[in-house]
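J.: Below is one structure. I have some questions about it.
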There are 2 protein chains.
Amino acid sequence: MPDQILILGGVAAGMSAASRARRIAPGARITVLEAGPAVAYGACGLPLFIAGQVASLEALRARSEEDFAGRRIEVLTGHAATAIEPSRRRVLATDAAGRERGFAYDRLVIATGAVSRGFAGDECPLLFRANTWAQTARLEAFLHGLAPGHRARAAVIGGGYIGLEVAEALAARGCQVRIIQAGATVLPSFDADMAELVAARVQQAAGVELQRGVRVTNIISAASGIGLDTSAGRLAADFAVEAGGLAPNTALAAAAGIALGPTAAIAVDDRQQTNMAGILAAGDCAESRLRITGAPVWIPLGAVANQQGRIAGQNAAGGPVARYPGVLGSLVLRVFGIEAGRTGLGLAAARRAGFDAAAERIEAAVAAAYMSRERITLKWIYDRASGRGLGAQLAGPPGTVLPRLHAAAAALAARMTLDQIETLDLAYAPAVAPLYDPLAIAAHRARR
Amino acid sequence: MPDQILILGGVAAGMSAASRARRIAPGARITVLEAGPAVAYGACGLPLFIAGQVASLEALRARSEEDFAGRRIEVLTGHAATAIEPSRRRVLATDAAGRERGFAYDRLVIATGAVSRGFAGDECPLLFRANTWAQTARLEAFLHGLAPGHRARAAVIGGGYIGLEVAEALAARGCQVRIIQAGATVLPSFDADMAELVAARVQQAAGVELQRGVRVTNIISAASGIGLDTSAGRLAADFAVEAGGLAPNTALAAAAGIALGPTAAIAVDDRQQTNMAGILAAGDCAESRLRITGAPVWIPLGAVANQQGRIAGQNAAGGPVARYPGVLGSLVLRVFGIEAGRTGLGLAAARRAGFDAAAERIEAAVAAAYMSRERITLKWIYDRASGRGLGAQLAGPPGTVLPRLHAAAAALAARMTLDQIETLDLAYAPAVAPLYDPLAIAAHRARR
């Protein structure tokens with residue numbers, strides 16, 4: 001059992017690692033260094049706080065620092081790590097007062113998350129992000145300071161799921177929102193045909209404009225507003241929020257000689273172990289393996305970070321070896337009155353991965369026709385030769401996506417084929433679920 | 001390819017068989033004999049029609065008789081089969097005018113459904129059922145004829161899911177409802193602790209009383225009302241509805257020498273083939289195999305009937321051999337403001353089946369705590385030695401059960417173990433799904 005477990009980063013993966021390590025190794029000293037002002041908060045809820053659906057940033061905390069103290073997990077916020085020294089098993093960090101301190105470790109878990117690779121937001125007072133507690137607090141303070149009734153012009157840079165959530169939040173706060181998306185449609189992790197179902201809803205939303213295929217090349221900040229140089233010319237706004245453009249935060253790890261993988265995130269094996277003895281990594285800074293192919297991928301998602309954190313914590317603490325089976329990139333979002341979800345590979349990605357892939361896209365009922373007219377669109381991606389499932393993408397009214405998405409994630413993990421999916425015994429009740437679930441219908445049609 | 005495919009029964013399994021057979025064998029003659037007045041209707045929606053949530057019985061039809069005629073499926077309603085003569089490959093039936101007719105077949109699909117094994121309702125004008133079109137029409141006519149504002153006293157015999165749905169429907173129609181349940185709690189296909197969560201909601205419902213552990217031994221019908229002799233003495237009501245007490249409708253099959261299984265339903269193999277050449281059976285009259293154990297079970301459910309009907313239709317028509325992998329008994333219901341679902345084995349049933357079974361019962365959030373306070377109760381039943389999942393039971397607010405129930409059904413079909421379920425990649429979004437799905441939490445706790 002290690003004496004000192006040190007964890008860099010205290011949001012999702014870091015605090016999961018700390019909690020699991022504490023359970024495994026009751027006698028170990030556990031210290032978490034977090035650069036920001038808060039730990040263990042739900043970063044995925046930050047846009048919902050901006051939208052006014054969460055009362056305060058404090059409400060996003062899964063656990064308080066007192067909780068961690070009570071479990072003898074030392075949490076040091078405002079501590080930015082500046083160097084990892086593997087040869088001395090030590091990390092250097094700067095505390096809130098700017099003093100440099102050294103922290104020894106027997107086991108180190110790197111959970112430094114992701115950073116924006118975009119524009120230098122902090123030097124630009126009217127450029128914001130919504131991916132950390134501190135950034136979101138800054139954005140909220142700005143919005144709070146707007147004159148009542150003033151319809152501020154907001155530019156949201158990026159049309160991924162965070163961009164859409166931020167756009168919806170800003171519209172709810174009375175802003176006039178322009179989403180600037182470099183790609184041809186929104187939600188790059190979805191197939192374009194499925195993403196278009198969401199894009200259509202974005203375009204119908206009051207006070208929101210979607211600009212596609214426009215790349216922001218520079219941001220010019222002034223006291224009175226912000227100018228964006230784009231591939232479609234100069235755009236003006238009162239303020240801008242950069243959403244997306246994230247990259248794994250690997251600077252410290254790389255400088256210490258810890259190997260990065262082909263995705264530029266920290267390379268780890270299925271125990272979350274890096275190439276250096278005693279050093280593990282988890283969450284948005286680390287690479288994963290896609291369950292479908294085993295290929296390395298970088299998929300920064302909260303649920304993945306928490307799972308990896310638990311694995312890393314258990315292994316760092318010397319518990320029974322825990323192994324992470326990899327990711328499917330399962331994702332669900334609810335924006336502008338529509339829900340969308342994805343898991344596994346999209347059609348194009350499946351073909352790039354070498355599969356002879358095909359897709360069956362259906363529109364189907366989610367309850368008996370006499371109880372509901374709601375319909376869902378489901379796209380099932382599969383390998384033609386074997387019938388094996390490769391991925392699923394869905395879009396439909398709120399509440400309709402998760403049953404199929406959860407079942408699809410289980411089916412993909414089990415490498416189910418079309419005939420196995422068609423004959424799943426899925427529950428039916430006229431008001432709750434249709435006689436033939438959309439999953440079974442898609443599998444049935446694909447087999448024909 | 002057979003020339004003449006004859007199908008006995010035209011509700012769920014029968015019409016699914018007819019449709020599939022038509023697709024497989026475009027040249028075959030396909031005839032459906034249905035004793036009742038309508039085919040291809042959603043029997044599970046009958047209580048919802050009584051409740052006033054469905055506009056008409058007609059709305060329950062999945063397809064009209066014209067649709068079937070257009071696809072050259074001959075549908076003969078009001079035709080009650082009276083004998084199967086396997087040696088002559090012929091069925092005798094009485095048509096609506098009381099004439100006996102003979103129907104030859106090359107392949108016969110028996111889909112005669114279930115019958116009440118309870119009290120002789122038809123001779124009792126104030127005793128009703130809600131399991132067929134004709135019975136439901138009779139109940140509706142009676143309710144329609146009640147004096148406006150009159151709070152009729154209704155006795156619902158049976159506290160299974162149909163009993164609860166009928167009770168809720170009658171309460172919605174202004175009746176004062178007493179549910180008389182022989183067992184100690186409601187929903188016999190659930191473990192008692194889970195059923196109690198639903199029973200508690202039934203007992204809180206206005207105008208509904210639940211009597212447990214009371215067995216009805218006799219029904220005395222009079223013009224002015226109905227008397228029930230019970231193990232708790234004589235009870236009086238204005239009318240009664242018998243819900244449950246169903247048995248497979250096998251009289252014709254048994255008389256023709258077709259083998260029944262240990263459950264008293266028609267024995268079939270995984271092709272829905274009976275012991276007699278050319279004769280198949282599907283739906284509520286037929287036996288199934290439980291996927292978990294392979295043991296024969298009789299589980300009359302609409303989704304199962306439709307799946308089996310398709311298998312039977314394909315095989316009857318001489319298509320590529322289709323095989324039914326068996327049932328999990330997946331069931332979901334929404335009554336009195338609560339949803340409940342089950343799949344696989346309950347704890348007691350798992351132990352009876354010889355497993356060293358244990359259960360992990362948890363209460364867990366279905367979204368981030370800052371977005372919703374809703375919680376679900378999930379009971380995961382598993383084999384202690386192997387960790388293999390055996391069953392799941394759930395109860396929670398509307399909309400919360402299906403995601404976990406669908407995923408559980410897929411996990412059970414894939415024989416997943418606790419560690420595989422804990423590390424499923426299930427999507428998370430604060431407003432839609434929790435960071436740790438209840439399924440993963442239950443698996444995690446069970447492993448500790």
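Ordering of the structure tokens sets the chain letters (A, B, ...); residue numbers start at 1 within each chain; ligands are numbered from 1 in the order shown.
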With only C-alpha atoms as the counted atoms, please give the residues lying no more than 9 Å from A:Met276, apart from itself and same-chain residues fewer than 3 positions off, as a PyMOL selection string.

T.: chain A and resi 86+257-259+273+279-280

J.: Only N, CA and C atoms, please: the residues just picked out, written as a compact mmCIF listing (two decimals), in the first residue's frame.

T.:
# COMPACT_ATOMS: atom_id res chain seq x y z
N PRO A 86 9.37 12.98 -11.86
CA PRO A 86 9.26 11.54 -11.60
C PRO A 86 10.48 10.98 -10.88
N GLY A 257 8.15 13.84 -19.38
CA GLY A 257 8.52 12.65 -20.13
C GLY A 257 7.48 11.56 -20.14
N ILE A 258 6.28 11.88 -19.68
CA ILE A 258 5.20 10.90 -19.72
C ILE A 258 4.70 10.83 -21.16
N ALA A 259 4.54 9.59 -21.66
CA ALA A 259 4.22 9.42 -23.08
C ALA A 259 2.79 9.84 -23.39
N GLN A 273 -2.65 3.21 -16.19
CA GLN A 273 -1.23 3.35 -15.89
C GLN A 273 -0.54 4.02 -17.07
N ILE A 279 2.81 6.41 -11.87
CA ILE A 279 2.03 7.54 -12.37
C ILE A 279 0.87 7.04 -13.22
N LEU A 280 -0.35 7.40 -12.82
CA LEU A 280 -1.56 7.04 -13.55
C LEU A 280 -2.20 8.31 -14.09

J.: Under the rule that only C-alpha atoms are counted, which of A:Arg388, A:Arg89, A:Lys379, A:Arg323 is the nearest residue to chain B?

T.: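 Checking each of A:Arg388, A:Arg89, A:Lys379, A:Arg323 against chain B, counting only C-alpha atoms, the winner is A:Arg323.
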
J.: Go through stretch 152-366 of chain A and collect every residue that DSSP, computed from the backbone, puts in strand (DSSP E or B); the answer should be as a short mmCIF file (atom, residue, chain, number, x, y, z; two decimals) with N, CA, C and O atoms, in the first residue's frame.

T.:
data_model
loop_
_atom_site.label_atom_id
_atom_site.label_comp_id
_atom_site.auth_asym_id
_atom_site.auth_seq_id
_atom_site.Cartn_x
_atom_site.Cartn_y
_atom_site.Cartn_z
N ARG A 153 -25.84 41.03 -27.89
CA ARG A 153 -25.51 40.14 -29.01
C ARG A 153 -24.38 39.21 -28.58
O ARG A 153 -23.27 39.66 -28.27
N ALA A 154 -24.68 37.93 -28.53
CA ALA A 154 -23.69 36.95 -28.10
C ALA A 154 -23.23 36.12 -29.29
O ALA A 154 -24.04 35.68 -30.10
N ALA A 155 -21.93 35.93 -29.39
CA ALA A 155 -21.39 34.99 -30.39
C ALA A 155 -20.92 33.75 -29.65
O ALA A 155 -20.11 33.84 -28.72
N VAL A 156 -21.44 32.61 -30.04
CA VAL A 156 -20.98 31.35 -29.46
C VAL A 156 -20.12 30.66 -30.49
O VAL A 156 -20.59 30.33 -31.59
N ILE A 157 -18.87 30.45 -30.14
CA ILE A 157 -17.93 29.87 -31.10
C ILE A 157 -17.90 28.37 -30.88
O ILE A 157 -17.39 27.87 -29.87
N GLN A 176 -29.32 37.77 -27.81
CA GLN A 176 -29.49 37.46 -29.22
C GLN A 176 -28.25 36.66 -29.61
O GLN A 176 -27.13 37.19 -29.57
N VAL A 177 -28.45 35.39 -29.95
CA VAL A 177 -27.31 34.47 -30.02
C VAL A 177 -27.00 34.09 -31.46
O VAL A 177 -27.89 33.74 -32.23
N ARG A 178 -25.74 34.15 -31.79
CA ARG A 178 -25.27 33.65 -33.08
C ARG A 178 -24.26 32.53 -32.81
O ARG A 178 -23.26 32.75 -32.14
N ILE A 179 -24.58 31.35 -33.29
CA ILE A 179 -23.66 30.22 -33.15
C ILE A 179 -22.79 30.16 -34.39
O ILE A 179 -23.32 30.12 -35.51
N ILE A 180 -21.50 30.16 -34.20
CA ILE A 180 -20.59 30.11 -35.34
C ILE A 180 -19.91 28.74 -35.34
O ILE A 180 -19.12 28.42 -34.45
N GLN A 181 -20.24 27.97 -36.33
CA GLN A 181 -19.79 26.59 -36.37
C GLN A 181 -18.92 26.39 -37.61
O GLN A 181 -19.33 26.68 -38.73
N VAL A 208 -32.03 32.82 -31.87
CA VAL A 208 -30.80 32.06 -32.13
C VAL A 208 -30.58 31.94 -33.63
O VAL A 208 -31.50 31.61 -34.37
N GLU A 209 -29.37 32.21 -34.03
CA GLU A 209 -29.01 32.10 -35.44
C GLU A 209 -27.84 31.13 -35.53
O GLU A 209 -26.93 31.18 -34.71
N LEU A 210 -27.90 30.27 -36.53
CA LEU A 210 -26.82 29.28 -36.68
C LEU A 210 -26.08 29.58 -37.97
O LEU A 210 -26.66 29.58 -39.05
N GLN A 211 -24.77 29.83 -37.85
CA GLN A 211 -23.95 30.03 -39.04
C GLN A 211 -23.01 28.85 -39.19
O GLN A 211 -22.22 28.55 -38.30
N ARG A 212 -23.15 28.17 -40.32
CA ARG A 212 -22.35 26.96 -40.53
C ARG A 212 -21.21 27.24 -41.48
O ARG A 212 -21.27 28.13 -42.30
N VAL A 216 -13.64 30.90 -37.27
CA VAL A 216 -13.16 32.12 -36.62
C VAL A 216 -11.64 32.10 -36.64
O VAL A 216 -11.01 31.15 -36.18
N THR A 217 -11.05 33.14 -37.20
CA THR A 217 -9.59 33.16 -37.34
C THR A 217 -8.94 34.10 -36.32
O THR A 217 -7.78 33.94 -35.99
N ASN A 218 -9.69 35.06 -35.84
CA ASN A 218 -9.10 35.99 -34.87
C ASN A 218 -10.21 36.70 -34.11
O ASN A 218 -11.33 36.83 -34.59
N ILE A 219 -9.88 37.10 -32.90
CA ILE A 219 -10.84 37.82 -32.08
C ILE A 219 -10.22 39.14 -31.67
O ILE A 219 -9.10 39.18 -31.17
N ILE A 220 -10.93 40.22 -31.92
CA ILE A 220 -10.44 41.55 -31.58
C ILE A 220 -11.33 42.10 -30.47
O ILE A 220 -12.53 42.29 -30.65
N SER A 221 -10.74 42.31 -29.33
CA SER A 221 -11.49 42.73 -28.16
C SER A 221 -11.38 44.23 -27.99
O SER A 221 -10.31 44.80 -28.11
N ILE A 226 -16.85 43.11 -29.22
CA ILE A 226 -15.88 42.14 -29.70
C ILE A 226 -16.05 42.00 -31.21
O ILE A 226 -17.16 42.07 -31.72
N GLY A 227 -14.94 41.87 -31.90
CA GLY A 227 -15.00 41.64 -33.33
C GLY A 227 -14.40 40.30 -33.67
O GLY A 227 -13.39 39.89 -33.08
N LEU A 228 -15.05 39.55 -34.53
CA LEU A 228 -14.54 38.24 -34.90
C LEU A 228 -14.18 38.25 -36.38
O LEU A 228 -15.04 38.51 -37.23
N ASP A 229 -12.93 38.00 -36.64
CA ASP A 229 -12.52 37.77 -38.03
C ASP A 229 -12.85 36.34 -38.38
O ASP A 229 -12.41 35.41 -37.69
N THR A 230 -13.64 36.15 -39.42
CA THR A 230 -14.05 34.80 -39.78
C THR A 230 -13.84 34.58 -41.27
O THR A 230 -13.60 35.52 -42.03
N GLY A 233 -15.92 36.83 -43.18
CA GLY A 233 -15.79 38.27 -42.94
C GLY A 233 -15.84 38.62 -41.46
O GLY A 233 -15.86 37.74 -40.60
N ARG A 234 -15.85 39.93 -41.20
CA ARG A 234 -15.83 40.42 -39.81
C ARG A 234 -17.24 40.38 -39.24
O ARG A 234 -18.21 40.80 -39.85
N LEU A 235 -17.38 39.81 -38.03
CA LEU A 235 -18.66 39.78 -37.33
C LEU A 235 -18.50 40.56 -36.03
O LEU A 235 -17.45 40.50 -35.39
N ALA A 236 -19.55 41.26 -35.64
CA ALA A 236 -19.50 42.02 -34.38
C ALA A 236 -20.46 41.41 -33.37
O ALA A 236 -21.50 40.88 -33.73
N ALA A 237 -20.08 41.49 -32.11
CA ALA A 237 -20.94 41.02 -31.03
C ALA A 237 -20.62 41.80 -29.78
O ALA A 237 -19.57 42.44 -29.69
N PHE A 239 -20.42 40.26 -26.85
CA PHE A 239 -19.48 39.37 -26.16
C PHE A 239 -19.47 38.03 -26.88
O PHE A 239 -20.35 37.75 -27.71
N ALA A 240 -18.50 37.21 -26.56
CA ALA A 240 -18.39 35.90 -27.20
C ALA A 240 -18.09 34.84 -26.17
O ALA A 240 -17.47 35.11 -25.14
N VAL A 241 -18.59 33.63 -26.43
CA VAL A 241 -18.28 32.49 -25.58
C VAL A 241 -17.65 31.42 -26.45
O VAL A 241 -18.23 31.03 -27.47
N GLU A 242 -16.47 31.01 -26.05
CA GLU A 242 -15.81 29.95 -26.78
C GLU A 242 -16.26 28.61 -26.20
O GLU A 242 -16.07 28.36 -25.00
N LEU A 246 -11.49 22.16 -27.32
CA LEU A 246 -10.75 21.66 -26.17
C LEU A 246 -9.65 20.70 -26.61
O LEU A 246 -9.74 20.04 -27.65
N ALA A 247 -8.63 20.63 -25.79
CA ALA A 247 -7.54 19.67 -26.00
C ALA A 247 -7.15 19.11 -24.64
O ALA A 247 -7.36 19.77 -23.61
N PRO A 248 -6.59 17.91 -24.61
CA PRO A 248 -6.18 17.35 -23.33
C PRO A 248 -5.09 18.21 -22.69
O PRO A 248 -4.20 18.69 -23.38
N LEU A 260 2.65 10.54 -24.49
CA LEU A 260 1.32 10.82 -25.03
C LEU A 260 1.02 9.80 -26.11
O LEU A 260 1.92 9.21 -26.70
N ILE A 266 -2.73 11.70 -22.81
CA ILE A 266 -1.77 10.85 -22.12
C ILE A 266 -2.10 9.37 -22.40
O ILE A 266 -3.25 8.95 -22.25
N GLN A 273 -2.65 3.21 -16.19
CA GLN A 273 -1.23 3.35 -15.89
C GLN A 273 -0.54 4.02 -17.07
O GLN A 273 -0.74 3.62 -18.22
N ILE A 279 2.81 6.41 -11.87
CA ILE A 279 2.03 7.54 -12.37
C ILE A 279 0.87 7.04 -13.22
O ILE A 279 1.07 6.34 -14.22
N LEU A 280 -0.35 7.40 -12.82
CA LEU A 280 -1.56 7.04 -13.55
C LEU A 280 -2.20 8.31 -14.09
O LEU A 280 -1.88 9.42 -13.64
N ALA A 281 -3.10 8.15 -15.03
CA ALA A 281 -3.83 9.31 -15.56
C ALA A 281 -5.26 8.88 -15.85
O ALA A 281 -5.53 7.73 -16.17
N ALA A 286 -6.55 12.09 -20.45
CA ALA A 286 -6.05 10.76 -20.81
C ALA A 286 -6.74 10.21 -22.05
O ALA A 286 -7.86 10.58 -22.39
N SER A 288 -8.35 6.99 -24.26
CA SER A 288 -9.13 5.78 -23.99
C SER A 288 -9.00 4.85 -25.18
O SER A 288 -8.43 5.21 -26.21
N ARG A 289 -9.57 3.67 -25.01
CA ARG A 289 -9.68 2.74 -26.15
C ARG A 289 -11.15 2.65 -26.51
O ARG A 289 -12.01 2.51 -25.64
N LEU A 290 -11.44 2.70 -27.79
CA LEU A 290 -12.82 2.52 -28.23
C LEU A 290 -13.16 1.03 -28.12
O LEU A 290 -12.44 0.18 -28.63
N PRO A 296 -7.09 3.74 -30.03
CA PRO A 296 -7.03 4.86 -29.08
C PRO A 296 -7.90 6.03 -29.54
O PRO A 296 -7.92 6.36 -30.73
N VAL A 297 -8.62 6.60 -28.60
CA VAL A 297 -9.49 7.75 -28.89
C VAL A 297 -9.39 8.73 -27.74
O VAL A 297 -9.02 8.37 -26.62
N VAL A 327 -14.29 2.87 -24.02
CA VAL A 327 -15.43 3.77 -24.18
C VAL A 327 -16.22 3.47 -25.44
O VAL A 327 -15.71 2.87 -26.39
N LEU A 331 -23.33 9.48 -25.34
CA LEU A 331 -23.59 10.90 -25.08
C LEU A 331 -25.07 11.15 -25.27
O LEU A 331 -25.68 10.62 -26.20
N VAL A 332 -25.65 11.93 -24.39
CA VAL A 332 -27.03 12.36 -24.59
C VAL A 332 -27.10 13.85 -24.29
O VAL A 332 -26.36 14.36 -23.45
N LEU A 333 -27.92 14.57 -25.02
CA LEU A 333 -28.12 15.99 -24.72
C LEU A 333 -29.56 16.36 -24.98
O LEU A 333 -30.25 15.70 -25.77
N ARG A 334 -30.01 17.37 -24.27
CA ARG A 334 -31.36 17.91 -24.47
C ARG A 334 -31.22 19.40 -24.69
O ARG A 334 -30.84 20.12 -23.78
N VAL A 335 -31.48 19.85 -25.91
CA VAL A 335 -31.40 21.27 -26.23
C VAL A 335 -32.54 21.66 -27.16
O VAL A 335 -32.92 20.89 -28.04
N ILE A 338 -35.36 19.20 -28.06
CA ILE A 338 -35.12 17.90 -28.69
C ILE A 338 -34.03 17.19 -27.89
O ILE A 338 -33.16 17.83 -27.28
N GLU A 339 -34.10 15.87 -27.87
CA GLU A 339 -33.04 15.09 -27.25
C GLU A 339 -32.29 14.35 -28.33
O GLU A 339 -32.88 13.90 -29.32
N ALA A 340 -31.00 14.23 -28.17
CA ALA A 340 -30.20 13.46 -29.12
C ALA A 340 -29.19 12.64 -28.35
O ALA A 340 -28.72 13.05 -27.29
N GLY A 341 -28.88 11.49 -28.89
CA GLY A 341 -27.92 10.61 -28.23
C GLY A 341 -27.11 9.83 -29.24
O GLY A 341 -27.53 9.67 -30.40
N ARG A 342 -25.96 9.40 -28.83
CA ARG A 342 -25.09 8.60 -29.69
C ARG A 342 -24.29 7.63 -28.85
O ARG A 342 -24.03 7.88 -27.67
N THR A 343 -23.89 6.53 -29.44
CA THR A 343 -22.97 5.60 -28.81
C THR A 343 -22.28 4.80 -29.90
O THR A 343 -22.85 4.57 -30.98
N GLY A 344 -21.03 4.43 -29.65
CA GLY A 344 -20.28 3.65 -30.65
C GLY A 344 -19.84 4.49 -31.83
O GLY A 344 -19.59 5.68 -31.69
N ALA A 357 -19.45 -1.33 -43.32
CA ALA A 357 -20.56 -0.87 -42.47
C ALA A 357 -21.73 -0.39 -43.30
O ALA A 357 -21.57 0.14 -44.39
N ALA A 358 -22.93 -0.61 -42.75
CA ALA A 358 -24.15 -0.07 -43.32
C ALA A 358 -24.96 0.53 -42.18
O ALA A 358 -24.66 0.29 -41.01
N ALA A 359 -25.97 1.32 -42.54
CA ALA A 359 -26.81 1.93 -41.50
C ALA A 359 -28.27 1.75 -41.88
O ALA A 359 -28.63 1.80 -43.06
N GLU A 360 -29.09 1.52 -40.87
CA GLU A 360 -30.54 1.49 -41.04
C GLU A 360 -31.09 2.65 -40.25
O GLU A 360 -30.95 2.70 -39.03
N ARG A 361 -31.69 3.59 -40.93
CA ARG A 361 -32.25 4.74 -40.24
C ARG A 361 -33.76 4.67 -40.30
O ARG A 361 -34.33 4.58 -41.39
N ILE A 362 -34.40 4.70 -39.16
CA ILE A 362 -35.86 4.59 -39.13
C ILE A 362 -36.46 5.72 -38.31
O ILE A 362 -35.80 6.33 -37.48
N GLU A 363 -37.74 5.97 -38.58
CA GLU A 363 -38.55 6.80 -37.71
C GLU A 363 -39.58 5.87 -37.12
O GLU A 363 -40.21 5.11 -37.86
N ALA A 364 -39.76 5.88 -35.83
CA ALA A 364 -40.64 4.90 -35.21
C ALA A 364 -41.34 5.48 -34.01
O ALA A 364 -40.88 6.46 -33.40
N ALA A 365 -42.47 4.86 -33.66
CA ALA A 365 -43.27 5.29 -32.51
C ALA A 365 -42.57 4.89 -31.22
O ALA A 365 -41.83 3.91 -31.18
#

J.: Using only C-alpha atoms, pick whichever of A:Pro430, A:Gly213, A:Gly118, A:Pro148 has the shortest atom-to-atom distance to chain B.

T.: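 Nearest candidate to chain B out of A:Pro430, A:Gly213, A:Gly118, A:Pro148: A:Pro430.
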
J.: Report, in Å with one decimal, the straight-line distance from atom CA of A:Gly160 to atom CA of A:Gly337.

T.: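 Atom CA of A:Gly337 lies 16.3 Å from atom CA of A:Gly160.
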
J.: Can you work out the spacing between atom CA of B:Asp284 and atom CA of B:Ala114 in Å, to one decimal?

T.: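 Computing the Euclidean distance for atom CA of B:Asp284 and atom CA of B:Ala114 yields 5.5 Å.
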